[in-house]
file query06.txt (compact mmCIF, C-alpha atoms)
# COMPACT_ATOMS: atom_id res chain seq x y z
CA MET V 1 0.00 0.00 0.00
CA ASN V 2 1.15 3.54 -0.76
CA PHE V 3 3.07 5.23 2.07
CA LEU V 4 0.83 8.31 2.18
CA LEU V 5 -2.37 6.34 1.61
CA LEU V 6 -1.59 4.36 4.78
CA TYR V 7 -1.87 7.56 6.81
CA THR V 8 -5.56 7.82 5.92
CA LEU V 9 -6.13 4.85 8.26
CA PRO V 10 -5.22 6.65 11.53
CA ILE V 11 -7.02 9.81 10.35
CA ARG V 12 -10.26 7.95 9.65
CA TYR V 13 -10.05 6.13 12.97
CA MET V 14 -9.34 9.45 14.70
CA ILE V 15 -12.68 10.71 13.38
CA LEU V 16 -14.44 7.63 14.80
CA PHE V 17 -12.64 8.06 18.14
CA SER V 18 -13.69 11.72 18.23
CA LEU V 19 -17.33 10.77 17.65
CA ALA V 20 -17.11 8.20 20.46
CA ILE V 21 -15.53 10.77 22.83
CA PHE V 22 -18.14 13.39 21.91
CA SER V 23 -21.08 10.97 22.35
CA SER V 24 -19.87 9.72 25.73
CA GLY V 25 -19.25 13.34 26.80
CA VAL V 26 -22.79 14.38 25.89
CA TRP V 27 -24.16 11.33 27.71
CA LEU V 28 -22.14 12.25 30.82
CA PHE V 29 -23.41 15.83 30.59
CA ILE V 30 -27.04 14.65 30.40
CA LEU V 31 -26.52 12.33 33.39
CA SER V 32 -25.11 15.11 35.54
CA SER V 33 -27.12 18.07 34.23
CA ASP V 34 -29.71 18.13 37.02
CA THR V 35 -27.22 18.07 39.91
CA PRO V 36 -26.17 21.47 41.29
CA LYS V 37 -22.53 22.35 40.64
CA SER V 38 -20.13 23.91 43.12
CA MET V 39 -17.16 26.04 42.06
CA HIS V 40 -14.94 23.00 42.72
CA ASN V 41 -17.07 20.84 40.35
CA ILE V 42 -17.07 23.48 37.64
CA ILE V 43 -13.28 23.92 37.69
CA GLU V 44 -12.78 20.15 37.91
CA ILE V 45 -14.78 19.72 34.68
CA ALA V 46 -13.58 22.83 32.85
CA THR V 47 -9.82 22.32 33.34
CA PRO V 48 -9.30 18.99 31.52
CA HIS V 49 -11.90 19.93 28.90
CA LEU V 50 -10.10 23.16 27.99
CA PHE V 51 -6.94 21.22 27.24
CA ALA V 52 -8.55 18.12 25.74
CA MET V 53 -11.17 19.77 23.53
CA GLY V 54 -8.79 22.51 22.44
CA ALA V 55 -6.06 20.04 21.50
CA LEU V 56 -8.43 17.59 19.81
CA LEU V 57 -10.08 20.33 17.77
CA PHE V 58 -6.66 21.59 16.68
CA LEU V 59 -5.54 18.08 15.78
CA LEU V 60 -8.64 17.43 13.69
CA ALA V 61 -9.01 20.85 12.10
CA HIS V 62 -5.39 21.16 10.98
CA PHE V 63 -6.09 18.44 8.41
CA LEU V 64 -8.46 20.89 6.73
CA LEU V 65 -5.31 22.75 5.62
CA PHE V 66 -4.75 19.91 3.16
CA SER V 67 -8.40 19.50 2.15
CA THR V 68 -9.44 20.11 -1.43
CA LEU V 69 -13.12 19.76 -0.54
CA LEU V 70 -13.38 22.99 1.42
CA SER V 71 -11.83 26.40 0.73
CA GLN V 72 -9.45 27.80 3.36
CA LYS V 73 -11.84 30.71 3.92
CA LYS V 74 -14.79 28.44 4.75
CA ALA V 75 -12.56 26.23 6.90
CA LEU V 76 -11.44 29.33 8.81
CA VAL V 77 -15.05 30.38 9.50
CA LEU V 78 -15.94 26.86 10.66
CA VAL V 79 -12.91 26.64 12.97
CA VAL V 80 -13.49 30.11 14.48
CA VAL V 81 -17.18 29.36 15.13
CA THR V 82 -16.37 25.93 16.62
CA TYR V 83 -13.68 27.32 18.94
CA GLY V 84 -15.99 30.19 19.94
CA LEU V 85 -18.83 27.85 20.83
CA LEU V 86 -16.38 25.59 22.66
CA PHE V 87 -15.22 28.41 24.95
CA VAL V 88 -18.72 29.73 25.63
CA ASN V 89 -19.90 26.18 26.37
CA ILE V 90 -17.07 25.45 28.81
CA PHE V 91 -17.40 28.81 30.61
CA ALA V 92 -21.23 28.77 30.57
CA TYR V 93 -21.42 27.21 34.05
CA PHE V 94 -19.30 30.06 35.47
CA LEU V 95 -21.72 32.57 33.97
CA ILE V 96 -24.81 30.62 35.09
CA ASP V 97 -23.90 29.21 38.53
CA THR V 98 -21.26 31.55 39.88
CA LEU V 99 -22.04 34.92 38.38
CA GLY V 100 -25.72 34.28 37.71
CA ILE V 101 -25.69 36.48 34.62
CA ALA V 102 -26.67 33.90 31.99
CA PRO V 103 -29.68 31.62 31.56
CA LEU V 104 -29.33 27.82 31.70
CA TRP V 105 -30.37 27.39 28.09
CA LEU V 106 -27.06 29.03 27.07
CA LYS V 107 -25.33 25.76 28.01
CA TYR V 108 -27.74 23.69 25.89
CA ILE V 109 -27.65 26.06 22.92
CA THR V 110 -23.84 26.19 22.85
CA LEU V 111 -23.59 22.44 23.30
CA GLY V 112 -25.96 21.91 20.36
CA GLY V 113 -24.08 24.47 18.27
CA PHE V 114 -20.68 23.07 19.12
CA GLY V 115 -21.90 19.52 18.46
CA SER V 116 -23.28 20.47 15.04
CA CYS V 117 -20.07 22.28 14.02
CA PHE V 118 -17.94 19.43 15.36
CA VAL V 119 -19.89 16.75 13.49
CA LEU V 120 -19.80 18.91 10.32
CA LEU V 121 -16.02 19.24 10.69
CA LEU V 122 -15.67 15.47 11.16
CA GLY V 123 -17.85 14.83 8.10
CA LEU V 124 -15.85 17.24 5.95
CA LEU V 125 -12.66 15.63 7.16
CA TRP V 126 -13.97 12.11 6.43
CA PHE V 127 -14.75 13.02 2.83
CA SER V 128 -11.53 15.01 2.41
CA VAL V 129 -9.23 12.13 3.34
CA MET X 1 11.08 26.15 8.06
CA LYS X 2 11.76 22.84 6.41
CA PHE X 3 9.33 19.99 6.41
CA LEU X 4 10.19 16.33 6.63
CA VAL X 5 9.61 14.38 3.46
CA SER X 6 12.09 11.56 3.99
CA LYS X 7 11.72 8.45 6.11
CA ASP X 8 15.45 8.42 6.69
CA THR X 9 16.20 9.57 10.25
CA LYS X 10 20.01 9.28 9.92
CA PRO X 11 20.56 12.95 9.01
CA SER X 12 18.58 14.06 12.07
CA PRO X 13 19.69 12.61 15.41
CA LEU X 14 17.22 14.97 17.14
CA LEU X 15 14.23 13.47 15.30
CA LYS X 16 15.54 9.98 16.04
CA MET X 17 15.77 10.77 19.76
CA LEU X 18 12.33 12.41 19.78
CA MET X 19 10.68 9.38 18.22
CA ALA X 20 12.56 6.99 20.50
CA GLY X 21 11.54 9.08 23.52
CA VAL X 22 7.85 9.24 22.72
CA THR X 23 7.76 5.53 21.84
CA LEU X 24 9.48 4.61 25.11
CA ALA X 25 7.02 6.81 27.05
CA ILE X 26 4.09 5.11 25.28
CA LEU X 27 5.57 1.69 26.04
CA PHE X 28 5.69 2.49 29.77
CA TYR X 29 2.22 4.07 29.57
CA LEU X 30 0.76 0.89 28.05
CA LEU X 31 2.24 -1.28 30.79
CA LEU X 32 0.98 1.03 33.54
CA ASP X 33 -2.42 1.33 31.85
CA ILE X 34 -2.90 -2.43 32.24
CA LEU X 35 -2.03 -2.12 35.94
CA LEU X 36 -4.31 0.91 36.35
CA HIS X 37 -7.28 -0.93 34.86
CA GLY X 38 -6.47 -3.84 37.16
CA TYR X 39 -6.71 -1.50 40.15
CA LEU X 40 -9.82 0.31 38.91
CA LEU X 41 -11.91 -2.61 37.66
CA GLY X 42 -10.33 -5.68 39.21
CA ASP X 43 -7.43 -8.02 38.49
CA THR X 44 -9.41 -11.23 37.96
CA ILE X 45 -12.53 -12.00 35.91
CA SER X 46 -14.64 -12.50 39.04
CA ASN X 47 -13.36 -9.22 40.52
CA ILE X 48 -14.19 -7.33 37.31
CA GLN X 49 -17.67 -8.87 37.26
CA ALA X 50 -18.14 -7.92 40.92
CA THR X 51 -17.07 -4.33 40.16
CA LEU X 52 -19.44 -4.04 37.21
CA PHE X 53 -22.46 -5.97 38.43
CA GLY X 54 -21.95 -6.04 42.19
CA ASP X 55 -21.82 -9.06 44.48
CA GLU X 56 -24.53 -9.55 47.10
CA SER X 57 -22.54 -12.18 49.02
CA GLN X 58 -19.66 -9.73 49.52
CA PHE X 59 -21.93 -6.66 49.88
CA ILE X 60 -20.37 -5.02 46.80
CA GLU X 61 -22.54 -2.45 45.01
CA PRO X 62 -22.40 -2.31 41.18
CA ILE X 63 -20.31 0.54 39.76
CA LEU X 64 -22.24 3.77 39.09
CA LEU X 65 -23.01 4.43 35.43
CA GLU X 66 -21.48 7.91 35.72
CA THR X 67 -18.20 6.50 37.09
CA LEU X 68 -17.96 3.86 34.37
CA LEU X 69 -18.90 6.31 31.62
CA LEU X 70 -16.27 8.77 32.82
CA GLN X 71 -13.65 6.01 32.73
CA VAL X 72 -14.71 5.03 29.20
CA HIS X 73 -14.69 8.70 28.12
CA ILE X 74 -11.12 9.17 29.47
CA ASP X 75 -9.99 5.83 28.02
CA TRP X 76 -11.14 6.83 24.53
CA PHE X 77 -9.28 10.14 24.77
CA MET X 78 -6.02 8.66 26.06
CA THR X 79 -6.19 5.77 23.59
CA LEU X 80 -6.77 8.15 20.68
CA PHE X 81 -3.50 9.99 21.30
CA THR X 82 -1.57 6.79 22.09
CA VAL X 83 -2.57 4.83 19.00
CA MET X 84 -2.35 7.83 16.67
CA ILE X 85 1.25 8.61 17.65
CA LEU X 86 2.28 4.97 17.65
CA SER X 87 0.64 4.03 14.35
CA SER X 88 2.00 7.16 12.63
CA ILE X 89 5.58 6.35 13.66
CA TYR X 90 5.08 2.68 12.77
CA ILE X 91 3.74 3.54 9.30
CA ARG X 92 6.71 5.83 8.78
CA PHE X 93 9.15 2.93 9.22
CA TYR X 94 7.19 -0.15 8.17
CA ALA X 95 5.07 1.16 5.26
CA MET X 96 6.66 -1.25 2.81
CA HIS X 97 5.70 -4.35 4.79
CA LYS X 98 2.63 -6.16 3.47
CA SER X 99 1.29 -6.80 6.96
CA THR X 100 1.38 -3.12 8.02
CA PRO X 101 -2.17 -2.09 6.90
CA TYR X 102 -3.69 -5.15 8.64
CA PHE X 103 -1.58 -4.62 11.73
CA VAL X 104 -2.52 -0.93 12.00
CA HIS X 105 -6.19 -1.68 11.22
CA LEU X 106 -6.35 -4.33 13.94
CA LEU X 107 -4.72 -2.05 16.52
CA LEU X 108 -7.00 0.89 15.77
CA LEU X 109 -10.16 -1.22 15.59
CA THR X 110 -9.55 -3.15 18.83
CA SER X 111 -8.53 0.01 20.70
CA LEU X 112 -11.71 1.75 19.54
CA LEU X 113 -13.98 -1.18 20.40
CA SER X 114 -12.43 -2.00 23.78
CA PRO X 115 -14.12 0.78 25.87
CA LEU X 116 -17.36 0.23 23.95
CA LEU X 117 -17.35 -3.46 24.90
CA LEU X 118 -16.88 -2.56 28.57
CA LEU X 119 -19.91 -0.30 28.39
CA LEU X 120 -21.94 -2.91 26.50
CA ALA X 121 -20.98 -5.57 29.07
CA PHE X 122 -22.29 -3.31 31.84
CA PHE X 123 -25.68 -2.99 30.13
CA THR X 124 -26.14 -6.45 28.66
CA VAL X 125 -24.55 -9.77 29.54
CA GLU X 126 -21.72 -10.84 31.81
CA TRP X 127 -19.85 -12.86 29.18
CA LEU X 128 -19.11 -9.67 27.26
CA VAL X 129 -16.60 -8.94 30.04
CA LEU X 130 -14.49 -11.78 28.61
CA LEU X 131 -14.69 -10.19 25.18
CA TRP X 132 -13.65 -6.83 26.66
CA ILE X 133 -10.68 -8.43 28.44
CA SER X 134 -9.58 -10.14 25.18
CA CYS X 135 -9.96 -6.91 23.22
CA PHE X 136 -8.16 -4.89 25.90
CA PHE X 137 -5.18 -7.23 26.03
CA LEU X 138 -5.11 -7.62 22.25
CA TRP X 139 -4.75 -3.90 21.58
CA HIS X 140 -2.30 -3.41 24.43
CA GLY X 141 -0.25 -6.39 23.15
CA LEU X 142 -0.29 -5.08 19.57
CA ALA X 143 0.67 -1.58 20.70
CA LEU X 144 3.50 -2.94 22.86
CA LEU X 145 4.75 -5.05 19.95
CA MET X 146 4.65 -1.99 17.68
CA ALA X 147 6.56 0.07 20.23
CA ILE X 148 9.19 -2.68 20.60
CA LEU X 149 9.54 -2.99 16.80
CA ILE X 150 10.03 0.79 16.51
CA LEU X 151 12.55 0.89 19.35
CA GLY X 152 14.35 -2.10 17.81
CA LEU X 153 15.07 0.00 14.74
CA PHE X 154 16.69 2.70 16.84
CA LEU X 155 18.93 0.21 18.61
CA ARG X 156 20.36 -1.13 15.34
call {"tool": "encode", "arguments": {"input": "query06.txt", "output": "structure tokens"}}
result
Amino acid sequence: MNFLLLYTLPIRYMILFSLAIFSSGVWLFILSSDTPKSMHNIIEIATPHLFAMGALLFLLAHFLLFSTLLSQKKALVLVVVTYGLLFVNIFAYFLIDTLGIAPLWLKYITLGGFGSCFVLLLGLLWFSV
Amino acid sequence: MKFLVSKDTKPSPLLKMLMAGVTLAILFYLLLDILLHGYLLGDTISNIQATLFGDESQFIEPILLETLLLQVHIDWFMTLFTVMILSSIYIRFYAMHKSTPYFVHLLLLTSLLSPLLLLLAFFTVEWLVLLWISCFFLWHGLALLMAILILGLFLR
């Protein structure tokens, strides 16, 4: 098999892994959504997610640099929107629970938005490889 | 900025050391990951079944879904980075071998399915635990073999 073609294997599996991580994350969120969160809980959840989601999104989205399916301009918009929703989603609990300046549906809306952008990115990547 | 287009690591001792270092770290991680799962879920089949489903005779409660799901969620994330780095380095050196696509496929597939099987076992039947154990040791074994094969090249 061609040397470069072989690299499509880990990339395709990375997309499947990302879907599995995202699905289990959403499931965990649903399971714990009705329990009140303390500052300790919020930081405990936000800290690893800032690193993990940021790094994973970078890892996935950098492949769009080599994509011929999507223009660099559109890829840029998608990445900026996804990162934006990611940050609002992670910090939503601070705004809701601690500062009390945002409604609860902000968390659900940003999660839905982030999920849609993330799945779109994975789909584009799947068909670009 | 120059980008690497050659598989030859001889001109770059730094790259050689970097790849050897990350492979060695992954090798130790894989060994400790087996131990960690032994501590978290149990070191024998009956202990694992007691952790997952509980044991009335020993007054052991079944594991909480949230705890198990969190473990599976973390496992998927850690495994993703481990197998991606390892398979990428392996492909770099062993691309010409006929067995490489099958080898890489098997590693990636078993590592992806392993946490899923653990979750399925929790919800369905006890014998799936055996399948999870087989899958878990298969991907760890394959990954360890890959790491050893990569490190073997550096020792030549």
call {"tool": "interface_residues", "arguments": {"input": "query06.txt", "of": "chain X", "to": "chain V", "cutoff": "10 Å", "atoms": "only C-alpha atoms", "output": "ChimeraX atom specification"}}
result
/X:65-67,69-70,72-81,83-88,91-101,104-105,108-109,111-113,115-116
call {"tool": "closest_residue", "arguments": {"input": "query06.txt", "among": "V:Leu19, V:Val80, V:Ala92, V:Met39", "to": "Phe58 in chain V", "atoms": "all atoms listed in the file"}}
result
V:Val80
call {"tool": "closest_residue", "arguments": {"input": "query06.txt", "among": "V:Leu111, V:Leu122, V:Thr47, V:Ser128", "to": "Leu59 in chain V", "atoms": "only C-alpha atoms"}}
result
V:Leu122
call {"tool": "atom_distance", "arguments": {"input": "query06.txt", "atom1": "CA of Leu64 in chain V", "atom2": "CA of Val79 in chain V"}}
result
9.6 Å
call {"tool": "atom_distance", "arguments": {"input": "query06.txt", "atom1": "CA of Phe136 in chain X", "atom2": "CA of Thr110 in chain X"}}
result
7.4 Å
call {"tool": "atom_distance", "arguments": {"input": "query06.txt", "atom1": "CA of Leu50 in chain V", "atom2": "CA of Thr82 in chain X"}}
result
19.4 Å
call {"tool": "closest_residue", "arguments": {"input": "query06.txt", "among": "X:Leu149, X:Ile34, X:Leu15, X:Leu52", "to": "Ala121 in chain X", "atoms": "all atoms listed in the file"}}
result
X:Leu52
call {"tool": "closest_residue", "arguments": {"input": "query06.txt", "among": "X:Ser114, X:Thr23, X:Thr51, X:Gln58", "to": "Leu145 in chain X", "atoms": "only C-alpha atoms"}}
result
X:Thr23
call {"tool": "closest_residue", "arguments": {"input": "query06.txt", "among": "V:Tyr108, V:Phe51, V:Phe127, V:Phe66", "to": "Leu85 in chain V", "atoms": "all atoms listed in the file"}}
result
V:Tyr108
call {"tool": "closest_residue", "arguments": {"input": "query06.txt", "among": "X:Leu144, X:Ile89, X:Leu27, X:Val129", "to": "Asn47 in chain X", "atoms": "all atoms listed in the file"}}
result
X:Val129
call {"tool": "residues_around", "arguments": {"input": "query06.txt", "residues": "Leu95 in chain V", "least_positions_apart": "3", "cutoff": "12 Å", "atoms": "all atoms listed in the file", "output": "list in words"}}
result
Met39, Ile42, Phe87, Val88, Asn89, Ile90, Phe91, Ala92, Thr98, Leu99, Gly100, Ile101, Ala102, Pro103, Leu104, Trp105, Leu106 and Lys107 of chain V
call {"tool": "residues_around", "arguments": {"input": "query06.txt", "residues": "Glu126 in chain X", "least_positions_apart": "4", "cutoff": "12 Å", "atoms": "all atoms listed in the file", "output": "list of chain:residue names"}}
result
X:Ile45, X:Ser46, X:Ile48, X:Gln49, X:Ala50, X:Thr51, X:Leu52, X:Phe53, X:Gly54, X:Leu117, X:Leu118, X:Leu119, X:Leu120, X:Ala121, X:Phe122, X:Leu130, X:Leu131, X:Trp132, X:Ile133
call {"tool": "residues_near_point", "arguments": {"input": "query06.txt", "point": "(6.6, 4.1, 24.0)", "cutoff": "10 Å", "atoms": "all atoms listed in the file", "output": "list in words"}}
result
Met19, Ala20, Gly21, Val22, Thr23, Leu24, Ala25, Ile26, Leu27, Phe28, Tyr29, Leu30, Leu31, Thr82, Ile85, Leu86, Ala143, Leu144, Met146, Ala147, Ile148, Ile150 and Leu151 of chain X
call {"tool": "build_atoms", "arguments": {"input": "query06.txt", "residues": "range 40-64 of chain X", "atoms": "N, CA, C and O atoms", "output": "PDB file, in the frame of the given file"}}
result
ATOM      1  N   LEU X  40      -8.513  -0.350  38.989  1.00  0.00           N
ATOM      2  CA  LEU X  40      -9.820   0.310  38.910  1.00  0.00           C
ATOM      3  C   LEU X  40     -10.976  -0.680  38.795  1.00  0.00           C
ATOM      4  O   LEU X  40     -12.026  -0.504  39.410  1.00  0.00           O
ATOM      5  N   LEU X  41     -10.785  -1.711  37.950  1.00  0.00           N
ATOM      6  CA  LEU X  41     -11.910  -2.610  37.660  1.00  0.00           C
ATOM      7  C   LEU X  41     -11.765  -4.006  38.264  1.00  0.00           C
ATOM      8  O   LEU X  41     -12.739  -4.742  38.370  1.00  0.00           O
ATOM      9  N   GLY X  42     -10.549  -4.357  38.640  1.00  0.00           N
ATOM     10  CA  GLY X  42     -10.330  -5.680  39.210  1.00  0.00           C
ATOM     11  C   GLY X  42      -9.262  -6.421  38.439  1.00  0.00           C
ATOM     12  O   GLY X  42      -9.092  -6.196  37.241  1.00  0.00           O
ATOM     13  N   ASP X  43      -8.536  -7.325  39.153  1.00  0.00           N
ATOM     14  CA  ASP X  43      -7.430  -8.020  38.490  1.00  0.00           C
ATOM     15  C   ASP X  43      -7.763  -9.454  38.098  1.00  0.00           C
ATOM     16  O   ASP X  43      -6.938 -10.156  37.528  1.00  0.00           O
ATOM     17  N   THR X  44      -8.975  -9.910  38.439  1.00  0.00           N
ATOM     18  CA  THR X  44      -9.410 -11.230  37.960  1.00  0.00           C
ATOM     19  C   THR X  44     -10.803 -11.063  37.340  1.00  0.00           C
ATOM     20  O   THR X  44     -11.465 -10.042  37.569  1.00  0.00           O
ATOM     21  N   ILE X  45     -11.219 -12.097  36.577  1.00  0.00           N
ATOM     22  CA  ILE X  45     -12.530 -12.000  35.910  1.00  0.00           C
ATOM     23  C   ILE X  45     -13.648 -11.822  36.936  1.00  0.00           C
ATOM     24  O   ILE X  45     -14.548 -10.998  36.771  1.00  0.00           O
ATOM     25  N   SER X  46     -13.574 -12.600  38.027  1.00  0.00           N
ATOM     26  CA  SER X  46     -14.640 -12.500  39.040  1.00  0.00           C
ATOM     27  C   SER X  46     -14.631 -11.126  39.723  1.00  0.00           C
ATOM     28  O   SER X  46     -15.701 -10.579  40.035  1.00  0.00           O
ATOM     29  N   ASN X  47     -13.431 -10.568  39.924  1.00  0.00           N
ATOM     30  CA  ASN X  47     -13.360  -9.220  40.520  1.00  0.00           C
ATOM     31  C   ASN X  47     -13.946  -8.162  39.592  1.00  0.00           C
ATOM     32  O   ASN X  47     -14.626  -7.240  40.040  1.00  0.00           O
ATOM     33  N   ILE X  48     -13.654  -8.299  38.293  1.00  0.00           N
ATOM     34  CA  ILE X  48     -14.190  -7.330  37.310  1.00  0.00           C
ATOM     35  C   ILE X  48     -15.710  -7.433  37.282  1.00  0.00           C
ATOM     36  O   ILE X  48     -16.422  -6.421  37.270  1.00  0.00           O
ATOM     37  N   GLN X  49     -16.208  -8.682  37.280  1.00  0.00           N
ATOM     38  CA  GLN X  49     -17.670  -8.870  37.260  1.00  0.00           C
ATOM     39  C   GLN X  49     -18.313  -8.307  38.531  1.00  0.00           C
ATOM     40  O   GLN X  49     -19.391  -7.722  38.482  1.00  0.00           O
ATOM     41  N   ALA X  50     -17.614  -8.476  39.653  1.00  0.00           N
ATOM     42  CA  ALA X  50     -18.140  -7.920  40.920  1.00  0.00           C
ATOM     43  C   ALA X  50     -18.157  -6.398  40.874  1.00  0.00           C
ATOM     44  O   ALA X  50     -19.101  -5.764  41.367  1.00  0.00           O
ATOM     45  N   THR X  51     -17.111  -5.801  40.272  1.00  0.00           N
ATOM     46  CA  THR X  51     -17.070  -4.330  40.160  1.00  0.00           C
ATOM     47  C   THR X  51     -18.215  -3.825  39.282  1.00  0.00           C
ATOM     48  O   THR X  51     -18.879  -2.843  39.615  1.00  0.00           O
ATOM     49  N   LEU X  52     -18.423  -4.510  38.155  1.00  0.00           N
ATOM     50  CA  LEU X  52     -19.440  -4.040  37.210  1.00  0.00           C
ATOM     51  C   LEU X  52     -20.871  -4.328  37.659  1.00  0.00           C
ATOM     52  O   LEU X  52     -21.755  -3.479  37.547  1.00  0.00           O
ATOM     53  N   PHE X  53     -21.076  -5.556  38.145  1.00  0.00           N
ATOM     54  CA  PHE X  53     -22.460  -5.970  38.430  1.00  0.00           C
ATOM     55  C   PHE X  53     -22.776  -6.080  39.930  1.00  0.00           C
ATOM     56  O   PHE X  53     -23.903  -6.366  40.306  1.00  0.00           O
ATOM     57  N   GLY X  54     -21.750  -5.905  40.759  1.00  0.00           N
ATOM     58  CA  GLY X  54     -21.950  -6.040  42.190  1.00  0.00           C
ATOM     59  C   GLY X  54     -21.931  -7.488  42.635  1.00  0.00           C
ATOM     60  O   GLY X  54     -21.990  -8.400  41.802  1.00  0.00           O
ATOM     61  N   ASP X  55     -21.818  -7.698  43.936  1.00  0.00           N
ATOM     62  CA  ASP X  55     -21.820  -9.060  44.480  1.00  0.00           C
ATOM     63  C   ASP X  55     -22.521  -9.021  45.838  1.00  0.00           C
ATOM     64  O   ASP X  55     -21.981  -8.490  46.810  1.00  0.00           O
ATOM     65  N   GLU X  56     -23.721  -9.615  45.861  1.00  0.00           N
ATOM     66  CA  GLU X  56     -24.530  -9.550  47.100  1.00  0.00           C
ATOM     67  C   GLU X  56     -23.849 -10.272  48.251  1.00  0.00           C
ATOM     68  O   GLU X  56     -23.907  -9.817  49.398  1.00  0.00           O
ATOM     69  N   SER X  57     -23.160 -11.411  47.934  1.00  0.00           N
ATOM     70  CA  SER X  57     -22.540 -12.180  49.020  1.00  0.00           C
ATOM     71  C   SER X  57     -21.398 -11.407  49.697  1.00  0.00           C
ATOM     72  O   SER X  57     -21.093 -11.639  50.856  1.00  0.00           O
ATOM     73  N   GLN X  58     -20.759 -10.517  48.924  1.00  0.00           N
ATOM     74  CA  GLN X  58     -19.660  -9.730  49.520  1.00  0.00           C
ATOM     75  C   GLN X  58     -20.074  -8.284  49.806  1.00  0.00           C
ATOM     76  O   GLN X  58     -19.224  -7.437  50.119  1.00  0.00           O
ATOM     77  N   PHE X  59     -21.364  -8.010  49.660  1.00  0.00           N
ATOM     78  CA  PHE X  59     -21.930  -6.660  49.880  1.00  0.00           C
ATOM     79  C   PHE X  59     -21.259  -5.601  48.987  1.00  0.00           C
ATOM     80  O   PHE X  59     -20.958  -4.494  49.431  1.00  0.00           O
ATOM     81  N   ILE X  60     -20.991  -5.985  47.729  1.00  0.00           N
ATOM     82  CA  ILE X  60     -20.370  -5.020  46.800  1.00  0.00           C
ATOM     83  C   ILE X  60     -21.470  -4.456  45.892  1.00  0.00           C
ATOM     84  O   ILE X  60     -22.195  -5.213  45.240  1.00  0.00           O
ATOM     85  N   GLU X  61     -21.571  -3.129  45.877  1.00  0.00           N
ATOM     86  CA  GLU X  61     -22.540  -2.450  45.010  1.00  0.00           C
ATOM     87  C   GLU X  61     -22.006  -2.391  43.576  1.00  0.00           C
ATOM     88  O   GLU X  61     -20.799  -2.254  43.388  1.00  0.00           O
ATOM     89  N   PRO X  62     -22.885  -2.483  42.557  1.00  0.00           N
ATOM     90  CA  PRO X  62     -22.400  -2.310  41.180  1.00  0.00           C
ATOM     91  C   PRO X  62     -21.846  -0.896  40.967  1.00  0.00           C
ATOM     92  O   PRO X  62     -22.288   0.046  41.646  1.00  0.00           O
ATOM     93  N   ILE X  63     -20.912  -0.770  40.050  1.00  0.00           N
ATOM     94  CA  ILE X  63     -20.310   0.540  39.760  1.00  0.00           C
ATOM     95  C   ILE X  63     -21.392   1.496  39.244  1.00  0.00           C
ATOM     96  O   ILE X  63     -22.351   1.067  38.562  1.00  0.00           O
ATOM     97  N   LEU X  64     -21.269   2.782  39.579  1.00  0.00           N
ATOM     98  CA  LEU X  64     -22.240   3.770  39.090  1.00  0.00           C
ATOM     99  C   LEU X  64     -22.023   4.006  37.603  1.00  0.00           C
ATOM    100  O   LEU X  64     -20.887   4.014  37.126  1.00  0.00           O
TER     101      LEU X  64
END
